file protein_16.pdb (PDB, C-alpha atoms)
ATOM      1  CA  MET N 328       0.000   0.000   0.000
ATOM      2  CA  LYS N 329       1.755   3.132  -1.227
ATOM      3  CA  GLN N 330       2.064   6.140   1.038
ATOM      4  CA  ILE N 331       0.962   9.528  -0.279
ATOM      5  CA  ASP N 332       3.761  12.011  -0.937
ATOM      6  CA  MET N 333       3.979  14.499   1.942
ATOM      7  CA  GLU N 334       5.317  17.310  -0.220
ATOM      8  CA  THR N 335       2.238  17.025  -2.421
ATOM      9  CA  LEU N 336       0.049  17.349   0.665
ATOM     10  CA  TYR N 337       1.774  20.434   2.017
ATOM     11  CA  ALA N 338       2.103  22.068  -1.399
ATOM     12  CA  THR N 339      -1.518  21.596  -2.468
ATOM     13  CA  MET N 340      -3.632  21.634   0.695
ATOM     14  CA  ASN N 341      -4.705  24.515   2.887
ATOM     15  CA  PRO N 342      -2.736  24.031   6.141
ATOM     16  CA  GLU N 343      -6.017  24.228   8.063
ATOM     17  CA  ALA N 344      -7.157  21.081   6.253
ATOM     18  CA  ILE N 345      -4.085  19.067   7.280
ATOM     19  CA  PRO N 346      -5.212  17.286  10.468
ATOM     20  CA  TRP N 347      -1.881  17.290  12.291
ATOM     21  CA  ASP N 348      -0.922  20.889  11.429
ATOM     22  CA  MET N 349      -1.907  22.486  14.733
ATOM     23  CA  SER N 350      -1.485  26.117  15.728
ATOM     24  CA  GLU N 351      -0.403  25.328  19.307
ATOM     25  CA  PRO N 352       2.137  22.820  20.646
ATOM     26  CA  PRO N 353       0.703  19.592  22.079
ATOM     27  CA  GLU N 354      -0.236  19.626  25.740
ATOM     28  CA  ALA N 355       1.894  16.541  26.371
ATOM     29  CA  LEU N 356       5.024  18.360  25.192
ATOM     30  CA  VAL N 357       4.170  21.518  27.123
ATOM     31  CA  ASP N 358       3.671  19.448  30.291
ATOM     32  CA  LEU N 359       7.155  17.921  29.956
ATOM     33  CA  VAL N 360       8.749  21.338  29.548
ATOM     34  CA  GLU N 361       6.695  23.271  32.100
ATOM     35  CA  GLY N 362       7.046  20.426  34.588
ATOM     36  CA  GLY N 363      10.837  20.441  34.247
ATOM     37  CA  ARG N 364      11.102  16.840  33.059
ATOM     38  CA  VAL N 365      12.814  18.140  29.918
ATOM     39  CA  THR N 366      14.944  21.264  30.312
ATOM     40  CA  PRO N 367      16.460  23.542  27.618
ATOM     41  CA  CYS N 368      19.046  21.632  25.609
ATOM     42  CA  ARG N 369      19.963  20.741  22.057
ATOM     43  CA  THR N 370      16.853  19.112  20.616
ATOM     44  CA  VAL N 371      15.696  17.557  17.363
ATOM     45  CA  GLU N 372      12.114  17.132  16.194
ATOM     46  CA  PHE N 373      11.621  14.450  13.569
ATOM     47  CA  GLY N 374       8.748  15.192  11.194
ATOM     48  CA  CYS N 375       8.405  18.782  12.388
ATOM     49  CA  GLY N 376       5.870  19.791   9.724
ATOM     50  CA  THR N 377       5.304  23.540   9.750
ATOM     51  CA  GLY N 378       7.290  23.994  12.937
ATOM     52  CA  THR N 379       4.763  24.770  15.674
ATOM     53  CA  SER N 380       6.541  22.681  18.316
ATOM     54  CA  VAL N 381      10.001  23.791  17.177
ATOM     55  CA  VAL N 382       8.982  27.429  17.592
ATOM     56  CA  TYR N 383       7.548  26.697  21.033
ATOM     57  CA  LEU N 384      10.694  24.915  22.215
ATOM     58  CA  ALA N 385      12.939  27.647  20.803
ATOM     59  CA  SER N 386      10.901  30.239  22.709
ATOM     60  CA  LYS N 387      11.673  28.293  25.885
ATOM     61  CA  GLY N 388      15.426  28.381  25.328
ATOM     62  CA  PHE N 389      15.930  25.080  23.520
ATOM     63  CA  ARG N 390      18.403  24.887  20.636
ATOM     64  CA  VAL N 391      16.154  23.077  18.185
ATOM     65  CA  THR N 392      16.533  21.487  14.770
ATOM     66  CA  GLY N 393      13.346  20.562  12.936
ATOM     67  CA  ILE N 394      13.528  17.898  10.227
ATOM     68  CA  ASP N 395      10.866  17.204   7.618
ATOM     69  CA  ILE N 396      10.814  15.602   4.179
ATOM     70  CA  SER N 397       8.602  18.356   2.727
ATOM     71  CA  PRO N 398      10.347  21.509   1.427
ATOM     72  CA  THR N 399       7.041  23.379   1.606
ATOM     73  CA  ALA N 400       6.546  22.467   5.264
ATOM     74  CA  ILE N 401      10.091  23.585   6.079
ATOM     75  CA  ARG N 402       9.599  26.885   4.245
ATOM     76  CA  ILE N 403       6.455  27.574   6.269
ATOM     77  CA  ALA N 404       8.264  26.571   9.464
ATOM     78  CA  ARG N 405      11.072  29.044   8.794
ATOM     79  CA  GLU N 406       8.533  31.793   8.145
ATOM     80  CA  LYS N 407       6.751  30.909  11.396
ATOM     81  CA  ALA N 408      10.008  31.097  13.378
ATOM     82  CA  ASP N 409      10.900  34.443  11.813
ATOM     83  CA  LYS N 410       7.459  35.833  12.603
ATOM     84  CA  LYS N 411       7.771  34.737  16.241
ATOM     85  CA  GLY N 412      11.314  36.114  16.463
ATOM     86  CA  VAL N 413      12.937  32.859  17.570
ATOM     87  CA  THR N 414      16.075  31.131  16.346
ATOM     88  CA  ALA N 415      15.755  27.547  15.132
ATOM     89  CA  ASP N 416      17.325  25.344  12.489
ATOM     90  CA  PHE N 417      15.256  23.563   9.845
ATOM     91  CA  LEU N 418      16.352  20.865   7.450
ATOM     92  CA  VAL N 419      14.686  19.115   4.536
ATOM     93  CA  ALA N 420      15.606  15.469   5.045
ATOM     94  CA  ASP N 421      14.235  11.940   5.258
ATOM     95  CA  VAL N 422      13.976  10.804   8.885
ATOM     96  CA  LEU N 423      15.009   7.325   7.702
ATOM     97  CA  GLY N 424      18.193   8.653   6.093
ATOM     98  CA  ASP N 425      21.698   9.413   7.315
ATOM     99  CA  VAL N 426      21.805  11.315  10.625
ATOM    100  CA  GLY N 427      25.578  11.278  11.025
ATOM    101  CA  TRP N 428      25.768  15.072  10.991
ATOM    102  CA  ILE N 429      23.943  15.258  14.329
ATOM    103  CA  ARG N 430      25.051  11.993  15.927
ATOM    104  CA  ASN N 431      25.265  11.920  19.747
ATOM    105  CA  SER N 432      24.647  15.667  19.955
ATOM    106  CA  CYS N 433      21.112  16.042  21.353
ATOM    107  CA  ARG N 434      19.673  15.707  24.826
ATOM    108  CA  PHE N 435      16.061  15.507  23.678
ATOM    109  CA  ALA N 436      14.394  14.033  20.583
ATOM    110  CA  TYR N 437      10.739  14.339  19.801
ATOM    111  CA  ASP N 438       8.173  13.188  17.281
ATOM    112  CA  TRP N 439       4.479  13.929  17.415
ATOM    113  CA  GLU N 440       2.211  11.576  15.515
ATOM    114  CA  LEU N 441       4.926  10.774  13.004
ATOM    115  CA  LEU N 442       5.442   7.118  13.862
ATOM    116  CA  HIS N 443       2.047   6.039  12.551
ATOM    117  CA  HIS N 444       3.176   7.279   9.119
ATOM    118  CA  ILE N 445       6.182   4.911   9.295
ATOM    119  CA  MET N 446       5.349   1.330   8.401
ATOM    120  CA  PRO N 447       6.579  -1.606  10.539
ATOM    121  CA  ASP N 448       9.368  -2.672   8.163
ATOM    122  CA  GLU N 449      11.007   0.765   8.511
ATOM    123  CA  ARG N 450      10.465   1.410  12.184
ATOM    124  CA  GLU N 451      13.622  -0.242  13.482
ATOM    125  CA  GLN N 452      15.722   1.971  11.201
ATOM    126  CA  TYR N 453      13.844   5.039  12.369
ATOM    127  CA  VAL N 454      14.272   4.232  16.066
ATOM    128  CA  ALA N 455      17.962   3.516  15.438
ATOM    129  CA  ASN N 456      18.249   7.009  13.942
ATOM    130  CA  VAL N 457      16.572   8.588  16.966
ATOM    131  CA  HIS N 458      18.898   6.659  19.259
ATOM    132  CA  ALA N 459      21.928   7.753  17.229
ATOM    133  CA  VAL N 460      21.273  11.489  17.539
ATOM    134  CA  LEU N 461      20.963  11.378  21.326
ATOM    135  CA  GLY N 462      23.839  11.631  23.728
ATOM    136  CA  PRO N 463      24.058   9.399  26.827
ATOM    137  CA  GLY N 464      20.925   9.661  28.921
ATOM    138  CA  GLY N 465      19.093  11.676  26.274
ATOM    139  CA  LYS N 466      15.289  11.719  26.483
ATOM    140  CA  TYR N 467      12.848  10.821  23.707
ATOM    141  CA  LEU N 468       9.107  11.450  23.407
ATOM    142  CA  SER N 469       7.012   9.689  20.764
ATOM    143  CA  VAL N 470       3.229   9.824  20.383
ATOM    144  CA  CYS N 471       1.305   7.887  17.731
ATOM    145  CA  PHE N 472      -2.191   6.555  17.040
ATOM    146  CA  SER N 473      -3.365   3.667  19.214
ATOM    147  CA  GLU N 474      -4.948   0.622  17.613
ATOM    148  CA  SER N 475      -7.813   1.173  20.090
ATOM    149  CA  ASP N 476      -8.759   4.448  18.401
ATOM    150  CA  PRO N 477     -12.032   4.227  16.443
ATOM    151  CA  GLN N 478     -11.055   6.609  13.637
ATOM    152  CA  PHE N 479     -10.810   5.703   9.947
ATOM    153  CA  GLY N 480     -12.843   2.549  10.154
ATOM    154  CA  GLY N 481     -11.981   1.690  13.739
ATOM    155  CA  GLN N 482     -10.358  -1.662  13.070
ATOM    156  CA  GLY N 483      -7.229  -3.086  11.530
ATOM    157  CA  LYS N 484      -3.635  -1.971  11.897
ATOM    158  CA  TYR N 485      -3.506  -0.285   8.479
ATOM    159  CA  ARG N 486      -6.051   2.460   7.808
ATOM    160  CA  ARG N 487      -6.422   4.918   4.949
ATOM    161  CA  THR N 488      -7.461   8.475   5.871
ATOM    162  CA  PRO N 489      -9.795  10.802   3.922
ATOM    163  CA  ILE N 490      -6.811  12.844   2.716
ATOM    164  CA  GLY N 491      -5.078   9.741   1.349
ATOM    165  CA  THR N 492      -2.454   9.023   3.986
ATOM    166  CA  LEU N 493      -1.858   5.420   5.023
ATOM    167  CA  LEU N 494      -1.412   4.986   8.777
ATOM    168  CA  TYR N 495      -0.305   2.089  10.956
ATOM    169  CA  PHE N 496      -2.041   1.921  14.339
ATOM    170  CA  SER N 497       0.034   0.543  17.215
ATOM    171  CA  SER N 498      -0.430  -1.165  20.556
ATOM    172  CA  GLU N 499       1.483  -0.394  23.731
ATOM    173  CA  GLU N 500       2.984  -3.880  23.627
ATOM    174  CA  GLU N 501       4.468  -3.598  20.155
ATOM    175  CA  LEU N 502       5.904  -0.159  20.892
ATOM    176  CA  ALA N 503       7.512  -1.489  24.064
ATOM    177  CA  GLU N 504       9.087  -4.212  21.924
ATOM    178  CA  LEU N 505      10.239  -1.626  19.373
ATOM    179  CA  PHE N 506      11.768   0.842  21.832
ATOM    180  CA  SER N 507      13.105  -1.320  24.669
ATOM    181  CA  PRO N 508      16.258  -2.655  22.948
ATOM    182  CA  ARG N 509      17.656   0.894  22.827
ATOM    183  CA  PHE N 510      15.714   2.859  25.448
ATOM    184  CA  THR N 511      14.642   2.602  29.060
ATOM    185  CA  ILE N 512      10.922   3.333  28.979
ATOM    186  CA  ILE N 513       9.828   5.818  31.643
ATOM    187  CA  ASP N 514       6.166   6.233  30.679
ATOM    188  CA  LEU N 515       4.146   4.130  28.258
ATOM    189  CA  GLU N 516       0.386   4.574  28.202
ATOM    190  CA  THR N 517      -2.630   5.191  26.005
ATOM    191  CA  ARG N 518      -3.939   8.738  26.296
ATOM    192  CA  THR N 519      -6.755  10.811  24.877
ATOM    193  CA  ILE N 520      -5.084  13.478  22.721
ATOM    194  CA  ALA N 521      -6.692  16.643  21.407
ATOM    195  CA  GLY N 522      -6.940  16.804  17.610
ATOM    196  CA  ARG N 523      -7.957  19.416  15.078
ATOM    197  CA  TYR N 524     -11.403  17.892  14.610
ATOM    198  CA  ALA N 525     -11.881  15.543  17.560
ATOM    199  CA  PRO N 526      -9.956  13.852  20.385
ATOM    200  CA  HIS N 527      -8.320  10.506  19.624
ATOM    201  CA  LEU N 528      -6.480   7.729  21.411
ATOM    202  CA  ALA N 529      -2.703   7.697  21.123
ATOM    203  CA  VAL N 530       0.137   5.734  22.671
ATOM    204  CA  TYR N 531       2.400   8.073  24.635
ATOM    205  CA  ALA N 532       5.982   6.870  25.122
ATOM    206  CA  PHE N 533       8.586   8.838  27.062
ATOM    207  CA  MET N 534      11.980   7.197  27.443
ATOM    208  CA  GLU N 535      15.700   7.559  28.011
ATOM    209  CA  LYS N 536      18.595   6.403  25.850
ATOM    210  CA  ARG N 537      20.521   3.442  27.178
TER     211      ARG N 537
END
call {"tool": "encode", "arguments": {"input": "protein_16.pdb", "output": "structure tokens"}}
result
Amino acid sequence: MKQIDMETLYATMNPEAIPWDMSEPPEALVDLVEGGRVTPCRTVEFGCGTGTSVVYLASKGFRVTGIDISPTAIRIAREKADKKGVTADFLVADVLGDVGWIRNSCRFAYDWELLHHIMPDEREQYVANVHAVLGPGGKYLSVCFSESDPQFGGQGKYRRTPIGTLLYFSSEEELAELFSPRFTIIDLETRTIAGRYAPHLAVYAFMEKR
């Protein structure tokens, strides 16, 4: 099942019609920062989209790099950072590609509802990339759709959305199996997450590099 091209989405759709393109950073990320569980440090966001979370983190003193495969999304993200008057780095790149340029340099890595766009046969490579960019003891937050969520047909691991994206819905158990070889899992739970159109169930995983 072929995945839709993300650059096509960002280049042709109104941002307000892209479900994950939110105007405010996710509450789960804000809670980590405001609660002091993650403090200002060098940070990378994988699949940053139009940069809302990058801009938020930069405003809190983080040195952030946002990575996305879509040149249009990165252009909008840079414009957003300029408008807010914050300094952040943005890079057009494949999150499954070479991350040697940033290896072992970050204390925090973050992806928000990116993992359900990555199919199972590519997930180990992706998690290896996240692990590689973090220094010893670095923290990682990942949030993705739960298989218990009723959206897009409400059953099956693979579900096609109205805008054409193919998503893979995960369980807590399979994410524990995916992350635990490289990370010590601190929190792993299914949460109700606010969305653009309606709340949904997502697996929240916060962990530390081994």
call {"tool": "closest_residue", "arguments": {"input": "protein_16.pdb", "among": "N:Thr488, N:Asn456, N:Thr519, N:Ser350", "to": "Trp428 of chain N", "atoms": "only C-alpha atoms"}}
result
N:Asn456
call {"tool": "residues_near_point", "arguments": {"input": "protein_16.pdb", "point": "(0.3, 1.0, 10.1)", "cutoff": "8 Å", "atoms": "all atoms listed in the file", "output": "ChimeraX atom specification"}}
result
/N:443-447,484-486,493-497
call {"tool": "atom_distance", "arguments": {"input": "protein_16.pdb", "atom1": "atom CA of Arg369 of chain N", "atom2": "atom CA of Thr392 of chain N"}}
result
8.1 Å
call {"tool": "resolve_selection", "arguments": {"input": "protein_16.pdb", "expression": "the PyMOL selection byres ((chain N and resi 365) around 10)", "output": "PyMOL selection string"}}
result
chain N and resi 356-364+366-368+389+434-435+465-467
call {"tool": "closest_residue", "arguments": {"input": "protein_16.pdb", "among": "N:Ala415, N:Leu336, N:Asp476, N:Ala408", "to": "Ile396 of chain N", "atoms": "only C-alpha atoms"}}
result
N:Leu336
call {"tool": "axis_aligned_box", "arguments": {"input": "protein_16.pdb", "around": "segment 402-411 of chain N", "padding_each_side": "8 Å", "output": "JSON"}}
result
{"center_x": 8.8, "center_y": 31.2, "center_z": 10.2, "size_x": 20.6, "size_y": 25.3, "size_z": 28.0}
call {"tool": "atom_distance", "arguments": {"input": "protein_16.pdb", "atom1": "atom CA of Arg537 of chain N", "atom2": "atom CA of Val460 of chain N"}}
result
12.6 Å
call {"tool": "closest_residue", "arguments": {"input": "protein_16.pdb", "among": "N:Asp421, N:Asp448, N:Asp348, N:Asp514", "to": "Ala404 of chain N", "atoms": "all atoms listed in the file"}}
result
N:Asp348
call {"tool": "resolve_selection", "arguments": {"input": "protein_16.pdb", "expression": "the PyMOL selection byres ((chain N and resi 331-335) around 10)", "output": "number ranges by chain"}}
result
N: 328-330, 336-340, 376, 395-400, 444, 490-493
call {"tool": "closest_residue", "arguments": {"input": "protein_16.pdb", "among": "N:Gln452, N:Thr511, N:Ser498, N:Gln478", "to": "Gly464 of chain N", "atoms": "all atoms listed in the file"}}
result
N:Thr511
call {"tool": "atom_distance", "arguments": {"input": "protein_16.pdb", "atom1": "atom CA of Gly462 of chain N", "atom2": "atom CA of Asn431 of chain N"}}
result
4.2 Å
call {"tool": "residues_around", "arguments": {"input": "protein_16.pdb", "residues": "Ile512 of chain N", "least_positions_apart": "2", "cutoff": "7 Å", "atoms": "all atoms listed in the file", "output": "PyMOL selection string"}}
result
chain N and resi 507+510+514-515+533-535
call {"tool": "closest_residue", "arguments": {"input": "protein_16.pdb", "among": "N:Asn341, N:Val470, N:Ala385, N:Ala532", "to": "Glu440 of chain N", "atoms": "all atoms listed in the file"}}
result
N:Val470
call {"tool": "decode", "arguments": {"input": "protein_16.pdb", "residues": "segment 491-504 of chain N", "atoms": "all heavy atoms", "output": "short mmCIF file (atom, residue, chain, number, x, y, z; two decimals), in the first residue's frame"}}
result
data_model
loop_
_atom_site.label_atom_id
_atom_site.label_comp_id
_atom_site.auth_asym_id
_atom_site.auth_seq_id
_atom_site.Cartn_x
_atom_site.Cartn_y
_atom_site.Cartn_z
N GLY N 491 -5.90 10.66 2.13
CA GLY N 491 -5.08 9.74 1.35
C GLY N 491 -3.86 9.17 2.04
O GLY N 491 -3.14 8.37 1.45
N THR N 492 -3.60 9.58 3.28
CA THR N 492 -2.45 9.02 3.99
C THR N 492 -2.77 7.62 4.48
O THR N 492 -3.90 7.32 4.88
CB THR N 492 -2.05 9.91 5.17
OG1 THR N 492 -3.20 10.19 5.97
CG2 THR N 492 -1.44 11.21 4.69
N LEU N 493 -1.75 6.77 4.49
CA LEU N 493 -1.86 5.42 5.02
C LEU N 493 -1.19 5.41 6.39
O LEU N 493 -0.03 5.79 6.51
CB LEU N 493 -1.19 4.41 4.10
CG LEU N 493 -1.16 2.96 4.60
CD1 LEU N 493 -2.58 2.40 4.65
CD2 LEU N 493 -0.26 2.11 3.70
N LEU N 494 -1.93 4.99 7.41
CA LEU N 494 -1.41 4.99 8.78
C LEU N 494 -1.36 3.57 9.33
O LEU N 494 -2.18 2.72 8.96
CB LEU N 494 -2.30 5.85 9.68
CG LEU N 494 -2.59 7.28 9.24
CD1 LEU N 494 -3.44 7.99 10.28
CD2 LEU N 494 -1.31 8.05 8.96
N TYR N 495 -0.41 3.37 10.25
CA TYR N 495 -0.30 2.09 10.96
C TYR N 495 -0.58 2.36 12.43
O TYR N 495 0.13 3.13 13.07
CB TYR N 495 1.08 1.47 10.77
CG TYR N 495 1.21 0.13 11.45
CD1 TYR N 495 0.78 -1.02 10.81
CD2 TYR N 495 1.75 0.02 12.73
CE1 TYR N 495 0.88 -2.26 11.44
CE2 TYR N 495 1.85 -1.21 13.36
CZ TYR N 495 1.41 -2.35 12.71
OH TYR N 495 1.51 -3.57 13.33
N PHE N 496 -1.61 1.70 12.96
CA PHE N 496 -2.04 1.92 14.34
C PHE N 496 -1.38 0.90 15.26
O PHE N 496 -1.40 -0.30 14.98
CB PHE N 496 -3.57 1.81 14.43
CG PHE N 496 -4.30 3.00 13.87
CD1 PHE N 496 -4.14 3.41 12.55
CD2 PHE N 496 -5.16 3.73 14.68
CE1 PHE N 496 -4.81 4.50 12.04
CE2 PHE N 496 -5.84 4.83 14.19
CZ PHE N 496 -5.68 5.23 12.86
N SER N 497 -0.82 1.37 16.37
CA SER N 497 0.03 0.54 17.22
C SER N 497 -0.60 0.21 18.56
O SER N 497 -1.50 0.91 19.03
CB SER N 497 1.36 1.27 17.48
OG SER N 497 2.02 1.59 16.28
N SER N 498 -0.07 -0.83 19.18
CA SER N 498 -0.43 -1.17 20.56
C SER N 498 0.72 -0.77 21.48
O SER N 498 1.86 -0.60 21.04
CB SER N 498 -0.70 -2.66 20.69
OG SER N 498 0.51 -3.39 20.50
N GLU N 499 0.42 -0.66 22.76
CA GLU N 499 1.48 -0.39 23.73
C GLU N 499 2.53 -1.51 23.70
O GLU N 499 3.74 -1.25 23.79
CB GLU N 499 0.90 -0.27 25.13
CG GLU N 499 0.03 0.95 25.35
CD GLU N 499 -0.52 1.02 26.77
OE1 GLU N 499 0.11 0.44 27.68
OE2 GLU N 499 -1.57 1.65 26.97
N GLU N 500 2.07 -2.74 23.57
CA GLU N 500 2.98 -3.88 23.63
C GLU N 500 3.99 -3.86 22.47
O GLU N 500 5.19 -4.11 22.68
CB GLU N 500 2.19 -5.18 23.60
CG GLU N 500 1.34 -5.45 24.84
CD GLU N 500 0.07 -4.59 24.92
OE1 GLU N 500 -0.35 -4.01 23.89
OE2 GLU N 500 -0.49 -4.49 26.04
N GLU N 501 3.53 -3.57 21.26
CA GLU N 501 4.47 -3.60 20.16
C GLU N 501 5.42 -2.42 20.20
O GLU N 501 6.59 -2.53 19.77
CB GLU N 501 3.75 -3.69 18.81
CG GLU N 501 2.97 -2.47 18.39
CD GLU N 501 2.20 -2.74 17.10
OE1 GLU N 501 2.82 -3.11 16.09
OE2 GLU N 501 0.95 -2.58 17.12
N LEU N 502 4.99 -1.28 20.76
CA LEU N 502 5.90 -0.16 20.89
C LEU N 502 6.94 -0.42 21.97
O LEU N 502 8.10 -0.04 21.84
CB LEU N 502 5.13 1.13 21.16
CG LEU N 502 4.29 1.63 19.99
CD1 LEU N 502 3.62 2.95 20.34
CD2 LEU N 502 5.12 1.78 18.72
N ALA N 503 6.54 -1.09 23.04
CA ALA N 503 7.51 -1.49 24.06
C ALA N 503 8.57 -2.40 23.45
O ALA N 503 9.78 -2.26 23.72
CB ALA N 503 6.81 -2.19 25.21
N GLU N 504 8.14 -3.31 22.60
CA GLU N 504 9.09 -4.21 21.92
C GLU N 504 10.00 -3.45 20.97
O GLU N 504 11.19 -3.76 20.84
CB GLU N 504 8.31 -5.28 21.16
CG GLU N 504 9.19 -6.33 20.51
CD GLU N 504 8.38 -7.41 19.83
OE1 GLU N 504 7.15 -7.49 20.03
OE2 GLU N 504 8.99 -8.21 19.06
#
